[in-house]
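Notes follow the structure.
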Amino acid sequence: MQTAPTIPAETANHVLWHYGHGGYQAGTFTQHLISALATADMDNKAKLATAYPDYAAAVIAIEYDRDGVTNLQRIARGEAA
């Protein structure tokens with residue numbers, strides 16, 4: 001059984017910033033990684049998730065979970081999602 005990756009506060013902040021929901025800007029590489037995840041189809045998201053599971057989980061949450069923004073904002077503040 002696979003468990004969902006843990007999303008650290010820093011990752012949540014980076015993804016929130018990318019999508020315009022607060023947070024703070026990541027470094028150049030991480031900005032490109034988030035952009036790649038944001039534009040990838042699900043097959044390529046899955047491939048990127050093998051190397052960057054926390055960022056993939058955060059991008060998928062913000063794109064597909066109706067509570068994704070709220071949950072990431074909670075994580076970013078250090079609260080449980």
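Every chain in the structure tokens takes a letter, A first, then B, and so on in the order presented; its residues are numbered from 1, and the ligands are numbered from 1 following the presented order.
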
So which residues of chain A fall under helix (DSSP H, G or I) by DSSP, listed as number ranges by chain?
-> A: 9-18, 28-39, 42-51, 53-64, 68-76

Just the residues within 12 Å of A:Ala56, please, counting only C-alpha atoms, with nothing from its chain fewer than 5 positions along; format it as a short mmCIF file (atom, residue, chain, number, x, y, z; two decimals) with N, CA and C atoms, in the first residue's frame.
data_model
loop_
_atom_site.label_atom_id
_atom_site.label_comp_id
_atom_site.auth_asym_id
_atom_site.auth_seq_id
_atom_site.Cartn_x
_atom_site.Cartn_y
_atom_site.Cartn_z
N ALA A 4 0.37 8.61 0.68
CA ALA A 4 0.54 9.89 0.00
C ALA A 4 1.78 10.58 0.54
N PRO A 5 2.54 11.25 -0.33
CA PRO A 5 3.74 11.95 0.14
C PRO A 5 3.38 13.10 1.07
N THR A 6 4.24 13.34 2.01
CA THR A 6 4.08 14.48 2.90
C THR A 6 4.48 15.74 2.14
N ILE A 7 3.68 16.77 2.28
CA ILE A 7 3.99 18.05 1.64
C ILE A 7 4.54 18.98 2.71
N THR A 11 7.32 23.55 0.41
CA THR A 11 6.74 23.12 -0.87
C THR A 11 5.37 23.75 -1.07
N ALA A 12 4.54 23.72 -0.04
CA ALA A 12 3.21 24.33 -0.13
C ALA A 12 3.32 25.80 -0.47
N HIS A 14 5.75 27.38 -2.04
CA HIS A 14 6.22 27.54 -3.42
C HIS A 14 5.09 27.32 -4.42
N VAL A 15 4.31 26.27 -4.22
CA VAL A 15 3.21 25.97 -5.14
C VAL A 15 2.10 27.02 -5.03
N THR A 30 13.40 25.26 -8.90
CA THR A 30 12.10 24.83 -8.35
C THR A 30 10.96 25.50 -9.10
N LEU A 33 10.57 23.49 -12.14
CA LEU A 33 9.98 22.19 -11.79
C LEU A 33 8.47 22.32 -11.62
N ILE A 34 8.03 23.32 -10.87
CA ILE A 34 6.59 23.52 -10.67
C ILE A 34 5.90 23.83 -12.00
N SER A 35 6.54 24.63 -12.82
CA SER A 35 5.98 24.94 -14.14
C SER A 35 5.86 23.67 -14.98
N ALA A 36 6.88 22.83 -14.94
CA ALA A 36 6.83 21.56 -15.69
C ALA A 36 5.69 20.68 -15.18
N LEU A 37 5.55 20.59 -13.87
CA LEU A 37 4.45 19.79 -13.30
C LEU A 37 3.10 20.38 -13.68
N ALA A 38 3.01 21.70 -13.67
CA ALA A 38 1.74 22.37 -13.98
C ALA A 38 1.31 22.16 -15.42
N THR A 39 2.26 21.98 -16.32
CA THR A 39 1.92 21.84 -17.73
C THR A 39 1.94 20.39 -18.22
N ALA A 40 2.40 19.49 -17.38
CA ALA A 40 2.52 18.08 -17.78
C ALA A 40 1.17 17.38 -17.77
N ASP A 41 1.04 16.40 -18.67
CA ASP A 41 -0.12 15.52 -18.60
C ASP A 41 0.09 14.56 -17.43
N MET A 42 -0.92 13.77 -17.10
CA MET A 42 -0.84 12.92 -15.91
C MET A 42 0.28 11.87 -16.00
N ASP A 43 0.56 11.36 -17.19
CA ASP A 43 1.66 10.39 -17.33
C ASP A 43 3.00 11.04 -16.97
N ASN A 44 3.22 12.23 -17.46
CA ASN A 44 4.48 12.91 -17.15
C ASN A 44 4.52 13.43 -15.72
N LYS A 45 3.36 13.82 -15.17
CA LYS A 45 3.31 14.18 -13.75
C LYS A 45 3.75 12.98 -12.91
N ALA A 46 3.28 11.80 -13.28
CA ALA A 46 3.65 10.58 -12.54
C ALA A 46 5.14 10.32 -12.63
N LYS A 47 5.73 10.55 -13.79
CA LYS A 47 7.18 10.37 -13.94
C LYS A 47 7.95 11.36 -13.07
N LEU A 48 7.53 12.61 -13.08
CA LEU A 48 8.18 13.62 -12.25
C LEU A 48 7.97 13.33 -10.77
N ALA A 49 6.85 12.73 -10.44
CA ALA A 49 6.53 12.41 -9.04
C ALA A 49 7.49 11.38 -8.46
N THR A 50 8.09 10.56 -9.29
CA THR A 50 9.05 9.59 -8.75
C THR A 50 10.27 10.28 -8.16
N ALA A 51 10.65 11.42 -8.74
CA ALA A 51 11.80 12.17 -8.23
C ALA A 51 11.41 13.29 -7.28
N ALA A 61 -2.79 18.50 -5.97
CA ALA A 61 -3.80 18.96 -5.00
C ALA A 61 -4.39 20.30 -5.41
N ILE A 62 -3.53 21.24 -5.79
CA ILE A 62 -4.03 22.58 -6.13
C ILE A 62 -4.82 22.57 -7.44
N GLU A 63 -4.50 21.63 -8.33
CA GLU A 63 -5.19 21.57 -9.62
C GLU A 63 -6.49 20.76 -9.57
N TYR A 64 -6.53 19.70 -8.76
CA TYR A 64 -7.64 18.76 -8.85
C TYR A 64 -8.48 18.60 -7.59
#

Compile the contact shell of A:Ala9 as number ranges by chain: residues with an atom at most 12 Å away, counting only C-alpha atoms, same-chain residues fewer than 3 positions apart removed.
-> A: 6, 12-16, 23-24, 54-55, 58, 71-81

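Among the candidate residues A:Thr70, A:Gln31, A:Pro53, A:Ile60, the one lying nearest to A:Trp17 is A:Gln31, with distances computed using only C-alpha atoms.
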